[in-house]
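See below for the structure under consideration.
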Amino acid sequence: MKASVRVVTNNPGKWREINEILTSHGINTGWIRTKLTEIQSESLEEIATYSAIEAAKLHGGGLLIEDSGLFIDSLNGFPGPYSSYVYSRIGCIGLIKLMKNVSQRSAYFLSVICYISDAHGINLFTGRCEGIIADEPRGTGGFGFDPIFIPLEGDGRTFAEMSLDEKNAISHRSKALREFINWYSSITKK
Ligand code: ITT
């Protein structure tokens, strides 16, 4: 029987990326689409862990929760852990306005995955993707701040100008997922 992981997120873009990577590694997936409580914290690890414990109470174990954020250096890491809220309030255009006339445009995305199960408790995995903030939004793919993020490992296109596979080859989320898959393969082999 194939191993199976249930992904808890209310964000379809996130689900699409995670599902693609897990299934391509032979892991069966399920999607629990629900919005979990997001505590206010500076730490994505703390936020993901709290959400995972809440999800496990409702849905049992074998759950994967991911918390992520965009950290802009010249804004002292803003919006960081508040990315979801900031995106819903001011979006890409709002962030671009905050960055008007700012020449230091470096930023990074951070992804923290929390896998919670009866047998192994809470396990955290992280991934980071460095980039710069574009002068204006470009592209229609992906979700969230993808139109304004140009990854350094890419060719100058924003994440939103890339295909799902191209983004998945270099994104913060895919890096955290690779860490998770390495660990998960070792525990499911036993
Ligand atoms: P769930 O909590 O239900 O999983 P969410 O969208 O609220 O969905 P987060 O709390 O992790 O997820 O918020 C992260 C926000 O950061 C997300 O809403 C985007 O605005 C932004 N973000 C994270 N990863 C991103 C990515 O790969 N591309 C673009 N924006 C991203």
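Identifiers in the structure tokens: chain A, B, ... in order shown; residue index from 1 per chain; ligand index from 1 in order shown.
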(message) So that I can see what lies close to Gly142 of chain A, please list as a PyMOL selection string the residues with an atom at most 10 Å from it, counting only C-alpha atoms and leaving out residues fewer than 3 positions away in the same chain.
(response) chain A and resi 12-14+16-17+139+145-147+158-164+167
Writing out the chosen residues with N, CA and C atoms as a compact mmCIF listing (two decimals), in the first residue's frame:
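Once written, again_14.txt looks like this:
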# COMPACT_ATOMS: atom_id res chain seq x y z
N PRO A 12 -6.01 26.96 -2.14
CA PRO A 12 -5.94 26.00 -3.25
C PRO A 12 -4.59 26.03 -3.97
N GLY A 13 -3.95 27.19 -4.02
CA GLY A 13 -2.64 27.29 -4.69
C GLY A 13 -1.60 26.48 -3.96
N LYS A 14 -1.61 26.60 -2.65
CA LYS A 14 -0.69 25.84 -1.81
C LYS A 14 -0.94 24.34 -1.98
N ARG A 16 -2.26 22.75 -4.49
CA ARG A 16 -1.85 22.30 -5.84
C ARG A 16 -0.35 21.99 -5.85
N GLU A 17 0.44 22.91 -5.29
CA GLU A 17 1.90 22.72 -5.29
C GLU A 17 2.32 21.53 -4.44
N GLY A 139 2.78 38.49 -14.49
CA GLY A 139 2.39 37.08 -14.57
C GLY A 139 1.06 36.80 -13.91
N PHE A 145 1.76 36.47 -3.37
CA PHE A 145 2.75 37.45 -3.81
C PHE A 145 3.60 36.97 -4.99
N ASP A 146 3.21 35.89 -5.64
CA ASP A 146 3.99 35.38 -6.77
C ASP A 146 4.27 36.42 -7.86
N PRO A 147 3.30 37.31 -8.21
CA PRO A 147 3.57 38.27 -9.29
C PRO A 147 4.67 39.28 -8.98
N THR A 158 9.14 36.36 -12.66
CA THR A 158 8.53 36.23 -11.33
C THR A 158 7.99 34.80 -11.20
N PHE A 159 7.69 34.40 -9.97
CA PHE A 159 7.06 33.09 -9.76
C PHE A 159 5.77 32.97 -10.59
N ALA A 160 5.03 34.08 -10.69
CA ALA A 160 3.74 34.05 -11.39
C ALA A 160 3.91 33.89 -12.90
N GLU A 161 5.13 34.09 -13.41
CA GLU A 161 5.39 33.89 -14.85
C GLU A 161 5.90 32.48 -15.12
N MET A 162 6.02 31.67 -14.09
CA MET A 162 6.54 30.30 -14.25
C MET A 162 5.41 29.28 -14.23
N SER A 163 5.70 28.10 -14.78
CA SER A 163 4.74 27.00 -14.68
C SER A 163 4.81 26.44 -13.26
N LEU A 164 3.85 25.61 -12.93
CA LEU A 164 3.85 24.97 -11.61
C LEU A 164 5.14 24.19 -11.38
N LYS A 167 8.16 26.57 -10.79
CA LYS A 167 8.15 27.12 -9.41
C LYS A 167 8.51 26.02 -8.41
(request) Show which residues sit within 7 Å of Glu38 of chain A, as a count of residues only. Count only C-alpha atoms, and ignore same-chain residues fewer than 2 positions away. (result) 4
(message) List as number ranges by chain the protein and nucleic acid residues lying within 6 Å of ligand 1, with only C-alpha atoms and all ligand atoms counted.
(response) A: 9-11, 35, 66-70, 83-84, 87, 143-146
(request) Between A:Val8, A:Thr188, A:Ser24, A:Leu75, single out the one closest to Asp165 of chain A, counting only C-alpha atoms. (result) A:Ser24
(message) Let's see if you can do this: from backbone DSSP, list all helix (DSSP H, G or I) residues in chain A, as a ChimeraX atom specification.
(response) /A:12-24,44-59,73-75,80-98,146-148,159-161,164-170,172-189
(message) Please return, as number ranges by chain, all residues of segment 10-134 of chain A that DSSP assigns to strand (DSSP E or B) on the basis of the backbone.
(response) A: 28-32, 63-72, 78-79, 106-117, 121-133
Store the residues picked out above, limited to N, CA and C atoms, as a CSV table (one decimal), in the first residue's frame.
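Result file follows (result.csv):
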chain,number,residue,atom,x,y,z
A,28,ASN,N,0.5,9.1,-1.5
A,28,ASN,CA,-0.9,9.4,-1.7
A,28,ASN,C,-1.3,10.6,-0.9
A,29,THR,N,-2.2,11.5,-1.4
A,29,THR,CA,-2.5,12.7,-0.7
A,29,THR,C,-4.0,12.8,-0.5
A,30,GLY,N,-4.4,13.6,0.4
A,30,GLY,CA,-5.8,14.0,0.6
A,30,GLY,C,-5.8,15.4,1.0
A,31,TRP,N,-6.9,16.1,0.6
A,31,TRP,CA,-7.0,17.6,1.0
A,31,TRP,C,-8.1,17.8,2.0
A,32,ILE,N,-7.8,18.3,3.1
A,32,ILE,CA,-8.8,18.8,4.1
A,32,ILE,C,-8.8,20.3,4.0
A,63,LEU,N,-1.2,14.3,9.4
A,63,LEU,CA,-1.6,15.6,8.8
A,63,LEU,C,-0.4,16.4,8.5
A,64,LEU,N,-0.4,17.1,7.3
A,64,LEU,CA,0.6,18.1,7.0
A,64,LEU,C,0.0,19.5,6.9
A,65,ILE,N,0.7,20.4,7.7
A,65,ILE,CA,0.2,21.8,7.7
A,65,ILE,C,1.5,22.6,7.3
A,66,GLU,N,1.2,23.6,6.4
A,66,GLU,CA,2.4,24.4,6.0
A,66,GLU,C,2.1,25.9,6.3
A,67,ASP,N,3.0,26.6,6.9
A,67,ASP,CA,2.9,28.0,7.1
A,67,ASP,C,4.0,28.7,6.5
A,68,SER,N,3.7,29.8,5.7
A,68,SER,CA,4.8,30.4,5.0
A,68,SER,C,4.6,32.0,5.0
A,69,GLY,N,5.7,32.6,4.6
A,69,GLY,CA,5.6,34.1,4.6
A,69,GLY,C,6.7,34.7,3.7
A,70,LEU,N,6.4,36.0,3.3
A,70,LEU,CA,7.4,36.7,2.5
A,70,LEU,C,8.1,37.7,3.4
A,71,PHE,N,9.4,37.7,3.5
A,71,PHE,CA,10.2,38.5,4.4
A,71,PHE,C,11.0,39.5,3.5
A,72,ILE,N,10.7,40.8,3.6
A,72,ILE,CA,11.3,41.8,2.8
A,72,ILE,C,12.4,42.5,3.7
A,78,PHE,N,9.0,42.5,7.2
A,78,PHE,CA,7.6,42.6,6.9
A,78,PHE,C,7.3,42.1,5.5
A,79,PRO,N,6.1,41.4,5.2
A,79,PRO,CA,5.1,41.1,6.2
A,79,PRO,C,5.3,39.8,7.0
A,106,SER,N,15.9,43.1,-1.8
A,106,SER,CA,16.1,41.7,-1.5
A,106,SER,C,15.0,41.2,-0.5
A,107,ALA,N,14.6,40.0,-0.7
A,107,ALA,CA,13.5,39.4,0.1
A,107,ALA,C,13.6,37.9,0.0
A,108,TYR,N,12.9,37.2,0.9
A,108,TYR,CA,12.9,35.7,0.8
A,108,TYR,C,11.6,35.2,1.3
A,109,PHE,N,11.2,34.1,0.7
A,109,PHE,CA,10.1,33.3,1.2
A,109,PHE,C,10.6,32.2,2.1
A,110,LEU,N,9.8,32.0,3.2
A,110,LEU,CA,10.1,30.9,4.1
A,110,LEU,C,8.9,30.0,4.2
A,111,SER,N,9.2,28.7,4.3
A,111,SER,CA,8.1,27.8,4.4
A,111,SER,C,8.4,26.8,5.6
A,112,VAL,N,7.5,26.6,6.4
A,112,VAL,CA,7.6,25.7,7.5
A,112,VAL,C,6.5,24.6,7.4
A,113,ILE,N,6.9,23.4,7.4
A,113,ILE,CA,5.9,22.3,7.3
A,113,ILE,C,5.9,21.6,8.6
A,114,CYS,N,4.7,21.4,9.1
A,114,CYS,CA,4.6,20.6,10.4
A,114,CYS,C,3.8,19.3,10.0
A,115,TYR,N,4.4,18.2,10.3
A,115,TYR,CA,3.7,16.9,10.1
A,115,TYR,C,3.4,16.4,11.5
A,116,ILE,N,2.2,16.0,11.7
A,116,ILE,CA,1.8,15.5,13.0
A,116,ILE,C,1.1,14.1,12.9
A,117,SER,N,1.6,13.2,13.7
A,117,SER,CA,1.1,11.8,13.6
A,117,SER,C,1.1,11.2,15.0
A,121,GLY,N,4.6,12.1,16.6
A,121,GLY,CA,4.4,13.4,17.2
A,121,GLY,C,4.5,14.5,16.2
A,122,ILE,N,5.2,15.6,16.6
A,122,ILE,CA,5.3,16.8,15.8
A,122,ILE,C,6.7,16.9,15.2
A,123,ASN,N,6.7,17.1,13.9
A,123,ASN,CA,8.0,17.1,13.1
A,123,ASN,C,8.0,18.3,12.2
A,124,LEU,N,9.0,19.2,12.3
A,124,LEU,CA,9.1,20.4,11.5
A,124,LEU,C,10.2,20.4,10.4
A,125,PHE,N,9.9,21.0,9.3
A,125,PHE,CA,10.8,21.0,8.1
A,125,PHE,C,10.7,22.4,7.5
A,126,THR,N,11.9,23.0,7.1
A,126,THR,CA,11.8,24.3,6.6
A,126,THR,C,12.5,24.4,5.3
A,127,GLY,N,12.1,25.4,4.5
A,127,GLY,CA,12.7,25.7,3.2
A,127,GLY,C,12.7,27.2,3.0
A,128,ARG,N,13.7,27.7,2.3
A,128,ARG,CA,13.8,29.2,2.0
A,128,ARG,C,14.2,29.4,0.6
A,129,CYS,N,13.6,30.5,0.0
A,129,CYS,CA,13.9,30.9,-1.4
A,129,CYS,C,14.2,32.3,-1.4
A,130,GLU,N,15.5,32.7,-1.9
A,130,GLU,CA,15.9,34.1,-1.9
A,130,GLU,C,15.5,34.7,-3.2
A,131,GLY,N,15.2,36.0,-3.2
A,131,GLY,CA,14.8,36.7,-4.4
A,131,GLY,C,14.8,38.2,-4.2
A,132,ILE,N,14.2,38.9,-5.2
A,132,ILE,CA,14.0,40.3,-5.1
A,132,ILE,C,12.6,40.7,-5.4
A,133,ILE,N,12.2,41.9,-4.9
A,133,ILE,CA,10.8,42.3,-5.2
A,133,ILE,C,10.8,43.1,-6.5
(request) May I ask for the distance between atom CA of Arg157 of chain A and atom CA of Val102 of chain A, given in Å to one decimal place? (result)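 These atoms are spaced 20.0 Å apart.
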(request) May I ask which of the residues A:Glu153, A:Glu45, A:Asp73, A:Asp135 is the closest one to Asn168 of chain A, counting only C-alpha atoms? (result) A:Glu153
(message) Just want the 9 Å neighbourhood of Ala134 of chain A, counted on only C-alpha atoms, with same-chain residues fewer than 5 positions away dropped. Output as a list in words.
(response)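 Answer for this query is Ile96, Arg105, Pro147, Ile148, Phe149, Ile150 and Thr158 of chain A.
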